[in-house]
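So this one's work-v4.cif, mmCIF, C-alpha atoms:
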```
data_query
#
loop_
_atom_site.group_PDB
_atom_site.id
_atom_site.type_symbol
_atom_site.label_atom_id
_atom_site.label_comp_id
_atom_site.auth_asym_id
_atom_site.auth_seq_id
_atom_site.Cartn_x
_atom_site.Cartn_y
_atom_site.Cartn_z
ATOM 1 C CA MET A 540 21.512 -193.983 62.911
ATOM 2 C CA SER A 541 19.482 -193.780 66.145
ATOM 3 C CA LEU A 542 16.057 -192.206 66.486
ATOM 4 C CA VAL A 543 17.385 -189.802 69.110
ATOM 5 C CA TYR A 544 20.228 -188.566 66.901
ATOM 6 C CA THR A 545 18.004 -188.169 63.829
ATOM 7 C CA SER A 546 15.368 -186.280 65.821
ATOM 8 C CA GLN A 547 17.988 -184.006 67.331
ATOM 9 C CA GLN A 548 19.440 -183.138 63.946
ATOM 10 C CA ILE A 549 15.997 -182.330 62.556
ATOM 11 C CA MET A 550 15.284 -180.092 65.542
ATOM 12 C CA VAL A 551 18.652 -178.326 65.318
ATOM 13 C CA TYR A 552 18.326 -177.433 61.638
ATOM 14 C CA SER A 553 14.648 -176.510 61.898
ATOM 15 C CA SER A 554 15.373 -174.377 64.977
ATOM 16 C CA VAL A 555 18.176 -172.503 63.181
ATOM 17 C CA PHE A 556 15.910 -171.918 60.177
ATOM 18 C CA LEU A 557 12.972 -170.725 62.307
ATOM 19 C CA LEU A 558 15.244 -168.477 64.367
ATOM 20 C CA LEU A 559 16.810 -166.683 61.392
ATOM 21 C CA PHE A 560 13.567 -166.668 59.395
ATOM 22 C CA GLY A 561 11.565 -165.401 62.363
ATOM 23 C CA ILE A 562 13.938 -162.768 63.747
ATOM 24 C CA PHE A 563 14.244 -161.132 60.336
ATOM 25 C CA GLY A 564 10.486 -161.256 59.696
ATOM 26 C CA ASN A 565 9.426 -159.996 63.130
ATOM 27 C CA THR A 566 12.003 -157.200 63.042
ATOM 28 C CA MET A 567 10.666 -156.132 59.642
ATOM 29 C CA SER A 568 7.104 -156.191 61.019
ATOM 30 C CA ILE A 569 8.119 -154.006 63.959
ATOM 31 C CA TYR A 570 9.839 -151.583 61.595
ATOM 32 C CA MET A 571 6.877 -151.413 59.208
ATOM 33 C CA PHE A 572 4.147 -151.037 61.830
ATOM 34 C CA SER A 573 6.125 -148.378 63.708
ATOM 35 C CA SER A 574 7.230 -146.341 60.669
ATOM 36 C CA VAL A 575 4.219 -146.233 58.330
ATOM 37 C CA PRO A 576 1.953 -143.355 59.519
ATOM 38 C CA THR A 577 -1.341 -145.103 58.669
ATOM 39 C CA TYR A 578 -0.313 -148.208 60.614
ATOM 40 C CA ARG A 579 0.607 -146.164 63.689
ATOM 41 C CA ARG A 580 -3.002 -144.973 63.958
ATOM 42 C CA THR A 581 -4.649 -148.386 63.621
ATOM 43 C CA PRO A 582 -5.388 -150.512 66.733
ATOM 44 C CA ALA A 583 -4.979 -153.856 64.925
ATOM 45 C CA THR A 584 -1.545 -152.958 63.559
ATOM 46 C CA PHE A 585 -0.441 -151.822 67.013
ATOM 47 C CA TYR A 586 -1.413 -155.276 68.258
ATOM 48 C CA PHE A 587 0.625 -156.719 65.366
ATOM 49 C CA LEU A 588 3.612 -154.599 66.384
ATOM 50 C CA MET A 589 3.487 -155.708 70.032
ATOM 51 C CA GLU A 590 2.870 -159.300 68.986
ATOM 52 C CA SER A 591 5.961 -159.258 66.749
ATOM 53 C CA ALA A 592 8.078 -157.969 69.647
ATOM 54 C CA PHE A 593 6.891 -160.798 71.918
ATOM 55 C CA GLN A 594 7.439 -163.312 69.120
ATOM 56 C CA ASN A 595 11.071 -162.201 68.821
ATOM 57 C CA ILE A 596 11.544 -162.586 72.573
ATOM 58 C CA TYR A 597 10.052 -166.076 72.419
ATOM 59 C CA LEU A 598 12.314 -167.136 69.537
ATOM 60 C CA PHE A 599 15.457 -165.849 71.243
ATOM 61 C CA ILE A 600 14.744 -167.470 74.607
ATOM 62 C CA ASN A 601 13.316 -170.719 73.258
ATOM 63 C CA LEU A 602 15.427 -171.586 70.225
ATOM 64 C CA ILE A 603 18.944 -170.325 70.976
ATOM 65 C CA PRO A 604 19.314 -172.403 74.182
ATOM 66 C CA ARG A 605 17.776 -175.392 72.371
ATOM 67 C CA ILE A 606 20.275 -175.118 69.499
ATOM 68 C CA ILE A 607 23.150 -174.900 71.983
ATOM 69 C CA ALA A 608 21.787 -177.835 73.999
ATOM 70 C CA PHE A 609 21.444 -180.156 71.009
ATOM 71 C CA ASN A 610 24.791 -179.136 69.476
ATOM 72 C CA LEU A 611 26.935 -179.043 72.604
ATOM 73 C CA GLY A 612 24.889 -181.300 74.868
ATOM 74 C CA TYR A 613 24.724 -178.563 77.493
ATOM 75 C CA ASP A 614 21.378 -177.117 78.555
ATOM 76 C CA PHE A 615 21.938 -174.268 80.989
ATOM 77 C CA ALA A 616 18.309 -174.501 82.157
ATOM 78 C CA ASN A 617 19.103 -177.976 83.523
ATOM 79 C CA VAL A 618 22.103 -176.650 85.435
ATOM 80 C CA SER A 619 21.161 -173.215 86.748
ATOM 81 C CA SER A 620 18.047 -172.982 88.895
ATOM 82 C CA LEU A 621 17.826 -169.219 88.290
ATOM 83 C CA TRP A 622 17.873 -169.619 84.503
ATOM 84 C CA CYS A 623 15.411 -172.523 84.762
ATOM 85 C CA LYS A 624 12.934 -170.250 86.551
ATOM 86 C CA SER A 625 13.613 -167.144 84.459
ATOM 87 C CA ARG A 626 13.333 -168.983 81.142
ATOM 88 C CA GLN A 627 9.984 -170.474 82.124
ATOM 89 C CA VAL A 628 8.661 -167.047 83.072
ATOM 90 C CA ILE A 629 9.890 -165.288 79.923
ATOM 91 C CA LEU A 630 8.567 -168.002 77.603
ATOM 92 C CA THR A 631 5.209 -168.050 79.370
ATOM 93 C CA VAL A 632 4.779 -164.266 79.248
ATOM 94 C CA ALA A 633 6.022 -163.907 75.655
ATOM 95 C CA SER A 634 3.961 -166.760 74.212
ATOM 96 C CA THR A 635 0.689 -165.961 75.987
ATOM 97 C CA SER A 636 1.023 -162.230 75.288
ATOM 98 C CA ALA A 637 1.649 -162.851 71.574
ATOM 99 C CA ILE A 638 -1.309 -165.225 71.314
ATOM 100 C CA THR A 639 -3.595 -162.833 73.220
ATOM 101 C CA LEU A 640 -2.619 -159.897 71.007
ATOM 102 C CA ALA A 641 -3.291 -161.945 67.874
ATOM 103 C CA SER A 642 -6.733 -162.778 69.255
ATOM 104 C CA LEU A 643 -7.359 -159.102 70.055
ATOM 105 C CA CYS A 644 -6.684 -158.286 66.394
ATOM 106 C CA MET A 645 -9.558 -160.558 65.419
ATOM 107 C CA ILE A 646 -11.848 -158.936 67.983
ATOM 108 C CA ASP A 647 -10.837 -155.498 66.706
ATOM 109 C CA GLN A 648 -11.894 -156.464 63.179
ATOM 110 C CA TYR A 649 -15.331 -157.319 64.523
ATOM 111 C CA LEU A 650 -15.542 -153.938 66.264
ATOM 112 C CA ILE A 651 -14.567 -152.011 63.126
ATOM 113 C CA THR A 652 -17.090 -153.781 60.904
ATOM 114 C CA SER A 653 -19.985 -153.463 63.351
ATOM 115 C CA SER A 654 -23.082 -151.547 62.229
ATOM 116 C CA ASN A 655 -23.341 -150.095 65.746
ATOM 117 C CA ALA A 656 -21.448 -146.799 65.965
ATOM 118 C CA SER A 657 -20.886 -147.153 69.724
ATOM 119 C CA VAL A 658 -19.284 -150.570 69.151
ATOM 120 C CA ARG A 659 -17.043 -149.170 66.381
ATOM 121 C CA ARG A 660 -15.867 -146.423 68.739
ATOM 122 C CA LEU A 661 -14.336 -149.128 70.955
ATOM 123 C CA SER A 662 -11.703 -149.640 68.251
ATOM 124 C CA GLN A 663 -9.346 -146.802 69.125
ATOM 125 C CA ILE A 664 -5.569 -146.663 69.277
ATOM 126 C CA LYS A 665 -5.581 -145.300 72.844
ATOM 127 C CA PHE A 666 -7.630 -148.289 73.979
ATOM 128 C CA SER A 667 -5.247 -150.713 72.241
ATOM 129 C CA HIS A 668 -2.300 -149.137 74.124
ATOM 130 C CA ARG A 669 -4.042 -149.619 77.454
ATOM 131 C CA ILE A 670 -5.267 -153.123 76.663
ATOM 132 C CA SER A 671 -1.787 -154.234 75.559
ATOM 133 C CA PHE A 672 -0.309 -152.928 78.805
ATOM 134 C CA ILE A 673 -2.997 -154.659 80.886
ATOM 135 C CA VAL A 674 -2.535 -157.936 78.993
ATOM 136 C CA THR A 675 1.216 -157.872 79.644
ATOM 137 C CA ILE A 676 0.721 -157.211 83.365
ATOM 138 C CA ILE A 677 -1.849 -160.014 83.663
ATOM 139 C CA TRP A 678 0.437 -162.571 82.035
ATOM 140 C CA CYS A 679 3.392 -161.418 84.142
ATOM 141 C CA LEU A 680 1.313 -162.073 87.266
ATOM 142 C CA HIS A 681 0.170 -165.387 85.806
ATOM 143 C CA ALA A 682 3.820 -166.426 85.365
ATOM 144 C CA ILE A 683 4.743 -165.920 89.043
ATOM 145 C CA PRO A 684 3.987 -169.571 90.020
ATOM 146 C CA PHE A 685 6.309 -170.740 87.230
ATOM 147 C CA TYR A 686 9.132 -168.752 88.827
ATOM 148 C CA LEU A 687 8.321 -170.019 92.317
ATOM 149 C CA TYR A 688 7.905 -173.712 91.509
ATOM 150 C CA ALA A 689 10.015 -174.438 88.406
ATOM 151 C CA GLU A 690 13.071 -176.414 89.522
ATOM 152 C CA ILE A 691 15.639 -178.855 88.184
ATOM 153 C CA SER A 692 14.274 -182.328 88.839
ATOM 154 C CA PRO A 693 16.699 -184.535 90.806
ATOM 155 C CA ILE A 694 15.394 -187.547 88.858
ATOM 156 C CA THR A 695 15.224 -186.391 85.233
ATOM 157 C CA LYS A 696 17.734 -183.528 85.612
ATOM 158 C CA THR A 697 15.436 -181.287 83.576
ATOM 159 C CA CYS A 698 13.690 -178.000 84.357
ATOM 160 C CA VAL A 699 10.103 -178.868 85.297
ATOM 161 C CA PRO A 700 7.333 -177.612 87.628
ATOM 162 C CA MET A 701 7.943 -179.361 90.948
ATOM 163 C CA ASN A 702 4.615 -178.320 92.478
ATOM 164 C CA PRO A 703 1.938 -181.010 91.786
ATOM 165 C CA GLY A 704 -0.770 -178.394 91.283
ATOM 166 C CA LEU A 705 1.280 -176.433 88.766
ATOM 167 C CA ALA A 706 2.337 -179.624 86.983
ATOM 168 C CA ALA A 707 -1.349 -180.558 86.601
ATOM 169 C CA TYR A 708 -2.209 -177.025 85.450
ATOM 170 C CA VAL A 709 0.383 -176.854 82.625
ATOM 171 C CA PRO A 710 -1.483 -179.194 80.201
ATOM 172 C CA ILE A 711 -4.757 -177.368 80.901
ATOM 173 C CA TYR A 712 -3.003 -174.036 80.349
ATOM 174 C CA PHE A 713 -1.721 -175.108 76.925
ATOM 175 C CA LEU A 714 -5.035 -176.659 75.903
ATOM 176 C CA ILE A 715 -7.133 -173.632 76.874
ATOM 177 C CA ILE A 716 -4.910 -170.584 76.330
ATOM 178 C CA HIS A 717 -2.708 -171.744 73.460
ATOM 179 C CA CYS A 718 -5.310 -173.770 71.561
ATOM 180 C CA GLY A 719 -8.875 -173.388 72.793
ATOM 181 C CA ILE A 720 -9.134 -169.609 73.110
ATOM 182 C CA PRO A 721 -7.558 -168.694 69.711
ATOM 183 C CA ALA A 722 -9.687 -171.311 67.934
ATOM 184 C CA SER A 723 -12.837 -170.083 69.687
ATOM 185 C CA ILE A 724 -12.106 -166.437 68.900
ATOM 186 C CA LEU A 725 -11.435 -167.297 65.245
ATOM 187 C CA LEU A 726 -14.720 -169.184 65.054
ATOM 188 C CA ILE A 727 -16.885 -166.707 66.986
ATOM 189 C CA PHE A 728 -15.502 -163.321 65.976
ATOM 190 C CA GLY A 729 -14.577 -164.482 62.489
ATOM 191 C CA SER A 730 -18.218 -165.483 61.940
ATOM 192 C CA LEU A 731 -19.496 -162.219 63.434
ATOM 193 C CA THR A 732 -17.105 -160.172 61.304
ATOM 194 C CA TYR A 733 -18.155 -162.052 58.180
ATOM 195 C CA ARG A 734 -21.801 -161.360 59.057
ATOM 196 C CA ASN A 735 -20.997 -157.666 59.517
ATOM 197 C CA ILE A 736 -19.274 -157.517 56.134
ATOM 198 C CA ARG A 737 -22.214 -159.223 54.418
ATOM 199 C CA ARG A 738 -24.491 -156.516 55.813
ATOM 200 C CA THR A 739 -22.179 -153.630 54.906
ATOM 201 C CA ILE A 740 -22.305 -151.802 51.594
ATOM 202 C CA ASN A 741 -19.196 -149.654 52.032
ATOM 203 C CA LEU A 742 -16.553 -150.907 54.460
ATOM 204 C CA SER A 743 -14.455 -147.775 54.086
ATOM 205 C CA GLU A 744 -17.170 -145.776 55.808
ATOM 206 C CA ARG A 745 -16.550 -147.871 58.895
ATOM 207 C CA ARG A 746 -12.740 -147.564 58.750
ATOM 208 C CA ALA A 747 -12.494 -151.253 57.861
ATOM 209 C CA ASP A 748 -9.763 -152.643 55.633
ATOM 210 C CA ARG A 749 -10.355 -155.947 53.821
ATOM 211 C CA GLN A 750 -6.629 -156.596 53.479
ATOM 212 C CA LEU A 751 -6.038 -155.969 57.185
ATOM 213 C CA LEU A 752 -8.901 -158.341 57.934
ATOM 214 C CA LYS A 753 -7.318 -160.945 55.667
ATOM 215 C CA MET A 754 -3.965 -160.501 57.440
ATOM 216 C CA THR A 755 -5.668 -161.050 60.784
ATOM 217 C CA VAL A 756 -7.670 -164.126 59.779
ATOM 218 C CA LEU A 757 -4.731 -165.882 58.103
ATOM 219 C CA GLN A 758 -2.506 -165.231 61.093
ATOM 220 C CA ILE A 759 -5.078 -166.684 63.511
ATOM 221 C CA ILE A 760 -5.437 -169.739 61.249
ATOM 222 C CA LEU A 761 -1.640 -170.148 61.323
ATOM 223 C CA LEU A 762 -1.738 -169.847 65.113
ATOM 224 C CA VAL A 763 -4.431 -172.527 65.467
ATOM 225 C CA CYS A 764 -2.649 -174.900 63.049
ATOM 226 C CA SER A 765 0.725 -174.412 64.753
ATOM 227 C CA THR A 766 -0.511 -174.842 68.315
ATOM 228 C CA GLY A 767 -3.007 -177.626 67.553
ATOM 229 C CA PRO A 768 -0.461 -180.492 67.658
ATOM 230 C CA LEU A 769 0.875 -179.177 70.968
ATOM 231 C CA GLY A 770 -2.674 -179.211 72.343
ATOM 232 C CA VAL A 771 -3.032 -182.846 71.231
ATOM 233 C CA TYR A 772 0.265 -183.691 72.951
ATOM 234 C CA TRP A 773 -0.863 -182.129 76.239
ATOM 235 C CA LEU A 774 -4.229 -183.888 75.988
ATOM 236 C CA TYR A 775 -2.306 -187.147 75.592
ATOM 237 C CA SER A 776 -0.185 -186.185 78.627
ATOM 238 C CA LEU A 777 -3.329 -185.723 80.713
ATOM 239 C CA ILE A 778 -4.691 -189.110 79.651
ATOM 240 C CA VAL A 779 -1.470 -191.040 80.463
ATOM 241 C CA SER A 780 -0.487 -188.985 83.519
ATOM 242 C CA GLY A 781 -1.191 -191.891 85.885
ATOM 243 C CA ILE A 782 0.808 -194.482 83.919
ATOM 244 C CA ILE A 783 4.259 -195.575 85.080
ATOM 245 C CA LYS A 784 6.681 -195.186 82.147
ATOM 246 C CA ASP A 785 10.046 -196.737 81.427
ATOM 247 C CA GLN A 786 13.038 -194.695 80.337
ATOM 248 C CA ASP A 787 12.571 -195.530 76.638
ATOM 249 C CA ARG A 788 9.013 -194.192 76.638
ATOM 250 C CA ILE A 789 10.038 -191.076 78.558
ATOM 251 C CA THR A 790 12.777 -190.394 75.981
ATOM 252 C CA LYS A 791 10.414 -190.850 73.048
ATOM 253 C CA GLU A 792 7.785 -188.579 74.613
ATOM 254 C CA TYR A 793 10.404 -185.926 75.296
ATOM 255 C CA LEU A 794 11.579 -186.057 71.680
ATOM 256 C CA ALA A 795 7.970 -185.870 70.474
ATOM 257 C CA TYR A 796 7.385 -182.821 72.666
ATOM 258 C CA ALA A 797 10.593 -181.158 71.455
ATOM 259 C CA MET A 798 9.677 -181.693 67.795
ATOM 260 C CA ILE A 799 6.077 -180.525 68.262
ATOM 261 C CA SER A 800 7.134 -177.433 70.205
ATOM 262 C CA THR A 801 9.675 -176.682 67.461
ATOM 263 C CA GLU A 802 6.883 -176.932 64.880
ATOM 264 C CA GLN A 803 4.909 -174.456 67.002
ATOM 265 C CA GLY A 804 7.691 -172.004 66.191
ATOM 266 C CA PHE A 805 6.137 -171.516 62.726
ATOM 267 C CA TYR A 806 3.565 -169.227 64.312
ATOM 268 C CA TYR A 807 6.274 -167.154 66.026
ATOM 269 C CA SER A 808 8.345 -166.991 62.817
ATOM 270 C CA SER A 809 5.885 -166.553 59.967
ATOM 271 C CA SER A 810 3.641 -163.567 60.715
ATOM 272 C CA PHE A 811 5.589 -161.129 58.529
ATOM 273 C CA TYR A 812 5.426 -163.510 55.567
ATOM 274 C CA ILE A 813 1.692 -164.020 56.111
ATOM 275 C CA PHE A 814 1.295 -160.231 55.984
ATOM 276 C CA LEU A 815 3.320 -160.064 52.754
ATOM 277 C CA PHE A 816 1.226 -162.807 51.185
ATOM 278 C CA SER A 817 -2.165 -161.477 52.210
ATOM 279 C CA SER A 818 -1.863 -157.707 51.739
ATOM 280 C CA LYS A 819 -0.904 -155.863 48.561
ATOM 281 C CA VAL A 820 -0.762 -152.611 50.523
ATOM 282 C CA PHE A 821 1.652 -154.102 53.056
ATOM 283 C CA ARG A 822 3.872 -155.400 50.226
ATOM 284 C CA ARG A 823 3.903 -151.933 48.679
ATOM 285 C CA HIS A 824 4.889 -150.319 51.978
ATOM 286 C CA VAL A 825 7.691 -152.861 52.468
ATOM 287 C CA LYS A 826 8.980 -152.240 48.952
ATOM 288 C CA GLN A 827 8.878 -148.470 49.418
ATOM 289 C CA ARG A 828 10.715 -148.652 52.749
ATOM 290 C CA LEU A 829 13.402 -151.010 51.441
ATOM 291 C CA LEU A 830 13.981 -148.984 48.277
ATOM 292 C CA ARG A 831 14.145 -145.746 50.250
ATOM 293 C CA GLN A 832 16.640 -147.324 52.623
ATOM 294 C CA ARG A 833 18.703 -148.498 49.671
ATOM 295 C CA ARG A 834 18.708 -145.016 48.150
ATOM 296 C CA THR A 835 19.689 -143.500 51.505
ATOM 297 C CA ASN A 836 22.593 -145.922 51.832
ATOM 298 C CA SER A 837 23.761 -145.534 48.226
ATOM 299 C CA VAL A 838 27.066 -143.828 47.559
ATOM 300 C CA VAL A 839 26.633 -140.286 46.258
ATOM 301 C CA PRO A 840 29.744 -138.790 44.537
ATOM 302 C CA ASN A 841 31.053 -135.736 46.302
ATOM 303 C CA ASN A 842 31.942 -132.675 44.292
ATOM 304 C CA GLN A 843 35.645 -132.066 44.524
ATOM 305 C CA ILE A 844 36.593 -128.763 46.026
ATOM 306 C CA GLN A 845 39.178 -126.915 43.972
#
```

Show me this structure written as structure tokens.
Amino acid sequence: MSLVYTSQQIMVYSSVFLLLFGIFGNTMSIYMFSSVPTYRRTPATFYFLMESAFQNIYLFINLIPRIIAFNLGYDFANVSSLWCKSRQVILTVASTSAITLASLCMIDQYLITSSNASVRRLSQIKFSHRISFIVTIIWCLHAIPFYLYAEISPITKTCVPMNPGLAAYVPIYFLIIHCGIPASILLIFGSLTYRNIRRTINLSERRADRQLLKMTVLQIILLVCSTGPLGVYWLYSLIVSGIIKDQDRITKEYLAYAMISTEQGFYYSSSFYIFLFSSKVFRRHVKQRLLRQRRTNSVVPNNQIQ
């Protein structure tokens, strides 16, 4: 059994699992954060809600075409120039927006736990609405070069950035935005939040929630662990960018990238389950919503009319 075939089978099954696992989890997160009154008034949970929506978009656009490509041997992004460009844009916007919103959750926890009242006032739901909108617009503008310069390569027959500047920027983009910034925010604002908590006698007086903080920290750790290998891959790509490669090495590097990027899907698929694990309150809300839904959908005998 060839390395290529084995790798493809692993990626197909893992992609199907992550897709089903993630779509269900993210949809549940969206439902919970939009239906529970206390969550609707909290900036961090609004960031969670928006993040879950972008994660679903990423899973749909990234994994479904990949499953089709590996099963049927037909990748539409390598055939249609329009889909090649559009897919690059959607994946870029969805992934960077989700990662930015997760990082904003960590910053919000620092604001809430601050001893400075003026700093705590920066954590407001109206600000989170505006910031989320601004973040989305910024990443949409950032994705414009991907639409302009992503093309189907006449040599490799794959969808790649054809502009040399953009091709050189892509590894830096992944290293900084997908890996460096989340890790830095976890380190900096996680430390500052921990310092704030150590100095605080009663967190409830500052509208802080230890379980929400735990949800945020664990999710950022998952993000850093999931994107770390991809950062290492792009660092390797920068180092060997000037080396002439044979077809066998190109194939192996492509398979390595496909497997690593599939592993990155754990971040986009697992947030809901991290929330369930880390928060007793969130578990209780999920249980209440599911049981209420079950009671609503149960069959109630009708009284017969004589």

| Between atom CA of Pro721 of chain A and atom CA of Ser817 of chain A, what is the spacing in Å? | 19.7 Å

| request: Could you expand the PyMOL selection byres ((chain A and resi 665) around 12) into the explicit residues it covers here, written as a list in words? | output: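 For this structure, the PyMOL selection byres ((chain A and resi 665) around 12) captures Arg579, Arg580, Thr581, Pro582, Ala583, Phe585, Tyr586, Arg660, Leu661, Ser662, Gln663, Ile664, Phe666, Ser667, His668, Arg669, Ile670, Ser671 and Phe672 of chain A.
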
| request: Using all atoms listed in the file, pick whichever of A:Ala656, A:Leu588, A:Val763, A:Ile683 has the shortest atom-to-atom distance to Ser574 of chain A. | output: A:Leu588

| field | the PyMOL selection byres ((chain A and resi 803-812) around 8) resolved against shown file, as a ChimeraX atom specification | value | /A:557-558,560-562,564-565,567-568,591,594-595,597-598,758,761-762,765-766,769,799-802,813-816

| Using all atoms listed in the file: which of A:Ile716, A:Leu559, A:Ile782, A:Leu752 has the shortest distance to Tyr733 of chain A |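 For Tyr733 of chain A, the nearest of the candidates is A:Leu752.
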
| request: Name the residues captured by the PyMOL selection byres ((chain A and resi 654) around 10) when it is applied to the shown file; answer as a count of residues only. | output: 15
